[in-house]
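**Q** Provided herewith: coords24.cif, mmCIF, C-alpha atoms and all ligand atoms.
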data_start
#
loop_
_atom_site.group_PDB
_atom_site.id
_atom_site.type_symbol
_atom_site.label_atom_id
_atom_site.label_comp_id
_atom_site.auth_asym_id
_atom_site.auth_seq_id
_atom_site.Cartn_x
_atom_site.Cartn_y
_atom_site.Cartn_z
ATOM 1 C CA MET A 192 1.724 -19.679 12.353
ATOM 2 C CA ASP A 193 -0.368 -22.213 10.481
ATOM 3 C CA ALA A 194 1.202 -21.586 7.071
ATOM 4 C CA GLU A 195 2.312 -25.196 6.657
ATOM 5 C CA LEU A 196 -0.973 -26.683 7.773
ATOM 6 C CA PHE A 197 -3.063 -24.420 5.553
ATOM 7 C CA PRO A 198 -1.057 -23.108 2.599
ATOM 8 C CA ARG A 199 -2.116 -19.610 1.694
ATOM 9 C CA ASP A 200 -3.198 -19.310 -1.925
ATOM 10 C CA ARG A 201 -3.640 -16.332 -4.205
ATOM 11 C CA THR A 202 -7.245 -15.278 -3.576
ATOM 12 C CA GLU A 203 -9.590 -12.920 -5.384
ATOM 13 C CA ILE A 204 -11.350 -11.276 -2.439
ATOM 14 C CA ALA A 205 -13.703 -9.265 -4.675
ATOM 15 C CA PRO A 206 -13.666 -8.564 -8.431
ATOM 16 C CA GLY A 207 -10.336 -6.809 -9.074
ATOM 17 C CA ALA A 208 -9.122 -7.238 -5.476
ATOM 18 C CA VAL A 209 -6.429 -9.904 -5.188
ATOM 19 C CA HIS A 210 -4.362 -11.124 -2.246
ATOM 20 C CA VAL A 211 -1.024 -12.718 -3.158
ATOM 21 C CA PRO A 212 0.593 -14.193 -0.009
ATOM 22 C CA ASP A 213 4.392 -14.181 0.324
ATOM 23 C CA TRP A 214 4.936 -12.131 -2.826
ATOM 24 C CA LEU A 215 8.098 -10.447 -1.518
ATOM 25 C CA THR A 216 11.020 -12.746 -0.727
ATOM 26 C CA PRO A 217 12.655 -12.278 2.692
ATOM 27 C CA GLY A 218 15.544 -10.509 0.911
ATOM 28 C CA ARG A 219 13.223 -8.050 -0.870
ATOM 29 C CA GLN A 220 11.377 -7.403 2.405
ATOM 30 C CA LYS A 221 14.676 -6.454 4.035
ATOM 31 C CA GLU A 222 15.581 -4.127 1.160
ATOM 32 C CA LEU A 223 12.170 -2.483 1.259
ATOM 33 C CA LEU A 224 12.401 -2.059 5.032
ATOM 34 C CA GLU A 225 15.813 -0.386 4.681
ATOM 35 C CA ALA A 226 14.353 1.957 2.051
ATOM 36 C CA CYS A 227 11.413 2.790 4.363
ATOM 37 C CA ARG A 228 13.859 3.632 7.164
ATOM 38 C CA GLU A 229 15.622 6.110 4.871
ATOM 39 C CA TRP A 230 12.333 7.634 3.693
ATOM 40 C CA ALA A 231 11.170 8.015 7.304
ATOM 41 C CA ARG A 232 14.033 10.406 8.079
ATOM 42 C CA PRO A 233 13.471 14.147 7.968
ATOM 43 C CA PRO A 234 13.073 16.356 6.012
ATOM 44 C CA ALA A 235 9.539 15.445 4.937
ATOM 45 C CA GLY A 236 9.887 12.271 7.021
ATOM 46 C CA LEU A 237 7.526 10.169 9.117
ATOM 47 C CA ARG A 238 4.802 12.251 10.721
ATOM 48 C CA THR A 239 1.551 12.021 12.634
ATOM 49 C CA VAL A 240 -1.388 12.922 10.407
ATOM 50 C CA ARG A 241 -3.986 15.279 11.829
ATOM 51 C CA THR A 242 -7.524 15.016 10.532
ATOM 52 C CA PRO A 243 -9.731 18.095 9.928
ATOM 53 C CA GLY A 244 -11.980 17.137 12.866
ATOM 54 C CA GLY A 245 -9.059 17.619 15.287
ATOM 55 C CA GLY A 246 -8.156 13.964 15.659
ATOM 56 C CA THR A 247 -4.946 12.179 14.761
ATOM 57 C CA MET A 248 -4.386 9.035 12.768
ATOM 58 C CA THR A 249 -2.826 6.283 14.865
ATOM 59 C CA SER A 250 -0.573 5.079 12.043
ATOM 60 C CA ARG A 251 2.315 7.387 11.190
ATOM 61 C CA GLN A 252 3.064 8.197 7.594
ATOM 62 C CA VAL A 253 5.658 9.269 5.064
ATOM 63 C CA CYS A 254 4.968 9.937 1.384
ATOM 64 C CA LEU A 255 6.960 9.729 -1.841
ATOM 65 C CA GLY A 256 6.211 11.508 -5.122
ATOM 66 C CA ARG A 257 3.293 13.498 -3.727
ATOM 67 C CA HIS A 258 2.513 14.399 -0.168
ATOM 68 C CA TRP A 259 -0.882 13.167 0.963
ATOM 69 C CA TYR A 260 -2.759 15.112 3.634
ATOM 70 C CA PRO A 261 -6.449 14.922 4.562
ATOM 71 C CA TYR A 262 -7.720 15.175 1.872
ATOM 72 C CA GLY A 263 -5.537 15.904 -1.114
ATOM 73 C CA TYR A 264 -2.015 15.847 -2.539
ATOM 74 C CA ALA A 265 0.691 18.504 -2.360
ATOM 75 C CA SER A 266 4.320 18.779 -3.495
ATOM 76 C CA THR A 267 5.567 19.679 -0.010
ATOM 77 C CA ALA A 268 4.834 18.343 3.496
ATOM 78 C CA VAL A 269 2.164 21.020 3.986
ATOM 79 C CA ASP A 270 0.998 19.515 7.271
ATOM 80 C CA GLY A 271 4.524 18.611 8.413
ATOM 81 C CA ASP A 272 7.842 20.444 8.177
ATOM 82 C CA GLY A 273 6.975 22.021 4.811
ATOM 83 C CA ALA A 274 9.909 20.372 3.026
ATOM 84 C CA PRO A 275 9.588 19.062 -0.547
ATOM 85 C CA VAL A 276 8.218 15.530 -0.696
ATOM 86 C CA LYS A 277 10.849 12.876 -1.387
ATOM 87 C CA PRO A 278 11.035 11.613 -4.983
ATOM 88 C CA PHE A 279 9.291 8.436 -6.081
ATOM 89 C CA PRO A 280 12.046 6.083 -7.280
ATOM 90 C CA ALA A 281 11.778 4.368 -10.680
ATOM 91 C CA TRP A 282 12.450 0.934 -9.169
ATOM 92 C CA LEU A 283 9.352 1.258 -6.995
ATOM 93 C CA GLY A 284 7.244 1.947 -10.083
ATOM 94 C CA GLU A 285 8.633 -1.164 -11.735
ATOM 95 C CA LEU A 286 7.804 -3.148 -8.582
ATOM 96 C CA GLY A 287 4.234 -1.815 -8.799
ATOM 97 C CA ARG A 288 3.840 -2.848 -12.435
ATOM 98 C CA ARG A 289 5.195 -6.307 -11.671
ATOM 99 C CA ALA A 290 2.772 -6.560 -8.723
ATOM 100 C CA VAL A 291 -0.200 -5.786 -10.970
ATOM 101 C CA ARG A 292 0.916 -8.274 -13.588
ATOM 102 C CA ASP A 293 1.396 -10.994 -10.978
ATOM 103 C CA ALA A 294 -1.843 -10.277 -9.133
ATOM 104 C CA TYR A 295 -3.927 -10.272 -12.302
ATOM 105 C CA GLY A 296 -2.012 -13.126 -13.900
ATOM 106 C CA GLU A 297 -0.485 -11.242 -16.797
ATOM 107 C CA GLY A 298 3.124 -12.099 -16.059
ATOM 108 C CA GLU A 299 3.495 -14.472 -18.998
ATOM 109 C CA ASP A 300 3.354 -11.893 -21.774
ATOM 110 C CA GLU A 301 7.013 -11.074 -22.404
ATOM 111 C CA ASP A 302 6.195 -8.802 -25.389
ATOM 112 C CA LYS A 303 4.799 -6.096 -23.140
ATOM 113 C CA GLY A 304 8.360 -5.357 -22.023
ATOM 114 C CA GLU A 305 9.693 -3.546 -18.997
ATOM 115 C CA ASP A 306 8.179 -0.230 -19.962
ATOM 116 C CA GLY A 307 4.735 -1.598 -20.480
ATOM 117 C CA GLY A 308 2.757 -1.770 -23.659
ATOM 118 C CA GLU A 309 -0.196 -0.137 -25.261
ATOM 119 C CA GLU A 310 -2.687 1.959 -23.427
ATOM 120 C CA GLY A 311 -4.959 -0.292 -21.457
ATOM 121 C CA ASP A 312 -2.229 -2.797 -20.732
ATOM 122 C CA ARG A 313 -2.767 -3.421 -17.056
ATOM 123 C CA GLY A 314 0.953 -3.888 -16.476
ATOM 124 C CA ALA A 315 1.861 -0.425 -17.819
ATOM 125 C CA TYR A 316 0.654 1.925 -15.105
ATOM 126 C CA GLY A 317 2.866 4.892 -14.258
ATOM 127 C CA TYR A 318 3.001 4.651 -10.481
ATOM 128 C CA ASP A 319 4.141 7.985 -9.062
ATOM 129 C CA ILE A 320 2.993 8.044 -5.404
ATOM 130 C CA ALA A 321 3.843 5.891 -2.404
ATOM 131 C CA LEU A 322 2.228 6.216 1.012
ATOM 132 C CA VAL A 323 4.120 4.403 3.743
ATOM 133 C CA ASN A 324 2.177 3.806 6.957
ATOM 134 C CA PHE A 325 3.797 2.577 10.148
ATOM 135 C CA TYR A 326 1.579 0.816 12.697
ATOM 136 C CA ASP A 327 2.589 0.084 16.253
ATOM 137 C CA ALA A 328 0.694 -2.574 18.228
ATOM 138 C CA ASP A 329 -2.251 -0.288 18.969
ATOM 139 C CA ALA A 330 -2.520 1.529 15.650
ATOM 140 C CA ARG A 331 -5.340 0.967 13.208
ATOM 141 C CA MET A 332 -6.900 2.584 10.176
ATOM 142 C CA GLY A 333 -10.605 3.261 9.860
ATOM 143 C CA MET A 334 -12.677 2.277 6.842
ATOM 144 C CA HIS A 335 -12.011 4.690 3.965
ATOM 145 C CA ARG A 336 -11.672 4.866 0.200
ATOM 146 C CA ASP A 337 -8.489 5.893 -1.601
ATOM 147 C CA SER A 338 -10.181 8.673 -3.523
ATOM 148 C CA ASP A 339 -7.725 11.570 -3.802
ATOM 149 C CA GLU A 340 -6.162 10.212 -7.008
ATOM 150 C CA GLU A 341 -7.403 11.212 -10.463
ATOM 151 C CA SER A 342 -6.672 7.778 -11.898
ATOM 152 C CA ASP A 343 -8.485 4.474 -11.643
ATOM 153 C CA ALA A 344 -5.225 2.507 -11.821
ATOM 154 C CA PRO A 345 -5.093 -0.270 -9.228
ATOM 155 C CA VAL A 346 -3.654 0.440 -5.789
ATOM 156 C CA VAL A 347 -0.744 -1.865 -4.939
ATOM 157 C CA SER A 348 -0.289 -2.651 -1.231
ATOM 158 C CA LEU A 349 2.822 -4.285 0.253
ATOM 159 C CA SER A 350 3.074 -5.313 3.899
ATOM 160 C CA LEU A 351 6.120 -5.755 6.132
ATOM 161 C CA GLY A 352 6.492 -6.813 9.759
ATOM 162 C CA ASP A 353 3.566 -7.675 12.018
ATOM 163 C CA ALA A 354 0.518 -9.317 10.518
ATOM 164 C CA CYS A 355 -2.772 -7.427 10.561
ATOM 165 C CA VAL A 356 -6.454 -7.806 9.870
ATOM 166 C CA PHE A 357 -7.136 -6.001 6.597
ATOM 167 C CA ARG A 358 -10.844 -5.380 6.107
ATOM 168 C CA PHE A 359 -11.902 -5.153 2.488
ATOM 169 C CA GLY A 360 -15.436 -3.934 1.991
ATOM 170 C CA ASN A 361 -17.747 -2.664 -0.690
ATOM 171 C CA THR A 362 -18.025 0.560 -2.698
ATOM 172 C CA ALA A 363 -21.316 1.718 -1.143
ATOM 173 C CA SER A 364 -20.677 2.001 2.588
ATOM 174 C CA ARG A 365 -18.192 1.474 5.409
ATOM 175 C CA GLY A 366 -20.256 -1.409 6.690
ATOM 176 C CA ARG A 367 -20.971 -4.948 5.606
ATOM 177 C CA PRO A 368 -20.486 -6.829 3.425
ATOM 178 C CA TYR A 369 -16.737 -6.990 3.943
ATOM 179 C CA THR A 370 -14.071 -9.648 4.045
ATOM 180 C CA ASP A 371 -11.339 -9.794 6.686
ATOM 181 C CA VAL A 372 -7.995 -10.879 5.260
ATOM 182 C CA GLU A 373 -4.851 -11.526 7.275
ATOM 183 C CA LEU A 374 -1.961 -9.652 5.673
ATOM 184 C CA ARG A 375 1.460 -10.902 6.706
ATOM 185 C CA SER A 376 4.970 -9.701 6.034
ATOM 186 C CA GLY A 377 5.706 -10.019 2.318
ATOM 187 C CA ASP A 378 2.071 -10.177 1.222
ATOM 188 C CA LEU A 379 0.772 -8.263 -1.787
ATOM 189 C CA PHE A 380 -2.765 -6.951 -2.117
ATOM 190 C CA VAL A 381 -3.933 -5.227 -5.303
ATOM 191 C CA PHE A 382 -7.297 -3.501 -5.680
ATOM 192 C CA GLY A 383 -8.425 -2.107 -8.995
ATOM 193 C CA GLY A 384 -11.247 -2.300 -11.510
ATOM 194 C CA PRO A 385 -14.631 -2.592 -9.788
ATOM 195 C CA SER A 386 -12.865 -2.689 -6.394
ATOM 196 C CA ARG A 387 -10.744 0.460 -6.848
ATOM 197 C CA SER A 388 -13.169 2.559 -4.802
ATOM 198 C CA ALA A 389 -14.050 -0.039 -2.190
ATOM 199 C CA TYR A 390 -13.903 0.911 1.482
ATOM 200 C CA HIS A 391 -11.073 -0.759 3.380
ATOM 201 C CA GLY A 392 -9.256 -0.442 6.666
ATOM 202 C CA VAL A 393 -7.020 -2.067 9.258
ATOM 203 C CA PRO A 394 -9.004 -2.853 12.433
ATOM 204 C CA ARG A 395 -6.212 -4.769 14.154
ATOM 205 C CA ILE A 396 -2.481 -5.446 14.285
ATOM 206 C CA HIS A 397 -1.182 -8.758 15.613
ATOM 207 C CA PRO A 398 1.818 -7.619 17.687
ATOM 208 C CA GLY A 399 4.899 -9.806 17.786
ATOM 209 C CA THR A 400 4.110 -11.691 14.568
ATOM 210 C CA ALA A 401 6.790 -10.102 12.355
ATOM 211 C CA PRO A 402 9.405 -12.540 11.013
ATOM 212 C CA PRO A 403 12.223 -12.256 13.595
ATOM 213 C CA GLU A 404 14.928 -12.101 10.899
ATOM 214 C CA LEU A 405 13.368 -8.955 9.389
ATOM 215 C CA GLY A 406 14.178 -6.875 12.470
ATOM 216 C CA LEU A 407 10.996 -4.785 12.550
ATOM 217 C CA THR A 408 8.772 -4.235 15.572
ATOM 218 C CA GLY A 409 5.378 -3.172 14.251
ATOM 219 C CA ARG A 410 3.943 -3.125 10.758
ATOM 220 C CA LEU A 411 4.735 -1.149 7.629
ATOM 221 C CA ASN A 412 2.389 -0.877 4.691
ATOM 222 C CA ILE A 413 3.404 0.685 1.407
ATOM 223 C CA THR A 414 0.689 1.599 -1.088
ATOM 224 C CA LEU A 415 1.648 2.544 -4.640
ATOM 225 C CA ARG A 416 -0.778 4.719 -6.560
ATOM 226 C CA VAL A 417 -1.074 6.545 -9.873
ATOM 227 C CA SER A 418 -1.877 10.186 -9.183
ATOM 228 C CA GLY A 419 -3.365 11.004 -12.596
ATOM 229 C CA LEU A 420 -2.318 14.579 -11.796
ATOM 230 C CA PRO A 421 -0.165 16.809 -14.016
ATOM 231 C CA ALA A 422 3.562 16.697 -13.208
ATOM 232 C CA ALA A 423 4.253 18.570 -9.974
HETATM 233 O O1 LIG A 501 -2.166 -0.570 5.960
HETATM 234 C C1 LIG A 501 -2.869 -1.058 5.087
HETATM 235 O O2 LIG A 501 -2.856 -2.252 4.806
HETATM 236 C C2 LIG A 501 -3.835 -0.166 4.334
HETATM 237 C C3 LIG A 501 -3.334 1.224 4.140
HETATM 238 C C4 LIG A 501 -4.325 2.081 3.419
HETATM 239 O O3 LIG A 501 -5.463 1.757 3.255
HETATM 240 C C5 LIG A 501 -3.898 3.393 2.879
HETATM 241 O O4 LIG A 501 -2.711 3.745 3.001
HETATM 242 O O5 LIG A 501 -4.744 4.091 2.311
HETATM 243 FE FE FE A 502 -6.413 3.045 1.803
#
Starting from the file, give its structure as structure tokens.

**A**
Amino acid sequence: MDAELFPRDRTEIAPGAVHVPDWLTPGRQKELLEACREWARPPAGLRTVRTPGGGTMTSRQVCLGRHWYPYGYASTAVDGDGAPVKPFPAWLGELGRRAVRDAYGEGEDEDKGEDGGEEGDRGAYGYDIALVNFYDADARMGMHRDSDEESDAPVVSLSLGDACVFRFGNTASRGRPYTDVELRSGDLFVFGGPSRSAYHGVPRIHPGTAPPELGLTGRLNITLRVSGLPAA
């Protein structure tokens, strides 16, 4: 890795879309990985997602808070074993709020408090959904928008394990212009504001690039979202 030669800085990829390298410490990455392993267990565990056209997604997925299926949210694994979706833990919501504050540079304002502040405070979002995607060496994710939520709160993305090419595009089409960003284990990516509805995808995994001490073969991505839906 060339991390020492070229330090990776916080970068605004597009307005409202921010990459924060190495946001999770190695210890937090390990904790998050352990949590993902628990969430992946049945019932309502890791599954292969079938698309309406008869295809399958190459990443495998488990959901918390709400169960995502193409294309909507449900309270049970409607396209899996039918079990109730696992709960979204409060600590993960706090992690999401901290991610937004750090990405947008609002971490200094102590008055906002742990529970957030007034309406409009960008650190106060009520994250209630997590989608965990597991990628093996050959998995990828096509260009898409995260558009099944009824909220324009930023999406918080956390990566563990193998590095990948994350393609961040525009709101008009799947094509150019886009920017390819390398997401490595521990990296944070937040997309909100004018970038909330931008197309994005994962064209490539770099196998064997996970930090050896993490103990993960492959890549995990956790996105935190605000559903904007009435309580399930
Ligand atoms: O794996 C990633 O980095 C992106 C995942 C994603 O776009 C999604 O879960 O909707
Ligand atoms: Fe997405």

**Q** As a quick test: using only C-alpha atoms and all ligand atoms, which residues lie no more than 6 Å away from ligand LIG 501 (chain A)? Give them as a list in words.

**A**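 After applying the 6 Å limit, what remains is Leu322, Asp337, Phe357, Gly392, Val393, Asn412 and Thr414 of chain A.
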
**Q** Between atom FE of ligand FE 502 (chain A) and atom CA of Ser348 of chain A, measure the distance and give it in Å to one decimal.

**A**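 These atoms are spaced 8.9 Å apart.
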
**Q** Pick from A:Arg416, A:Arg219, A:Arg331, A:Arg336: nearest to Ser250 of chain A, with all atoms listed in the file counted?

**A**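 So, comparing all the options, the nearest one is A:Arg331.
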
**Q** One decimal, in Å: what's the spacing between atom CA of Gly218 of chain A and atom CA of Val276 of chain A?

**A**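 Atom-to-atom, atom CA of Gly218 of chain A to atom CA of Val276 of chain A, that is 27.1 Å.
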
**Q** Any chance you could resolve the PyMOL selection byres (((chain A and resi 335) around 9) and not hetatm) against this file and give the residues as a ChimeraX atom specification?

**A** /A:332-334,336-338,365,389-392

**Q** I'd like the neighbourhood of Pro234 of chain A as number ranges by chain, where a residue qualifies if any of its atoms comes within 8 Å (using only C-alpha atoms), though same-chain residues fewer than 2 positions away should be ignored.

**A** A: 232, 236, 272, 274-275

**Q** Check the smallest atom-to-atom distance from each of A:Pro261, A:Pro233, A:Leu215, A:Ala281 to Gly246 of chain A using all atoms listed in the file, then report the winner.

**A**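 Closest to Gly246 of chain A, using all atoms listed in the file: A:Pro261.
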
**Q** Using all atoms listed in the file, which residue out of A:Ala294, A:Val269, A:Leu223, A:Val323 lies closest to ligand FE 502 (chain A)?

**A** A:Val323

**Q** Quick one: distance from atom CA of Gly409 of chain A to atom CA of Pro198 of chain A in Å, one decimal?

**A**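 According to the coordinates, atom CA of Gly409 of chain A and atom CA of Pro198 of chain A are separated by 24.0 Å.
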
**Q** Starting from the displayed file, determine the output of the PyMOL selection byres (((chain A and resi 361) around 12) and not hetatm) and express the residue list as an MDAnalysis selection string.

**A** chainID A and resid 204:208 334:336 358:360 362:370 382 385:392

**Q** Using all atoms listed in the file, which of the listed residues (A:Gly287, A:Pro403, A:Pro278, A:Gly377) sits closest to Val346 of chain A?

**A**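 Checking each of A:Gly287, A:Pro403, A:Pro278, A:Gly377 against Val346 of chain A, counting all atoms listed in the file, the winner is A:Gly287.
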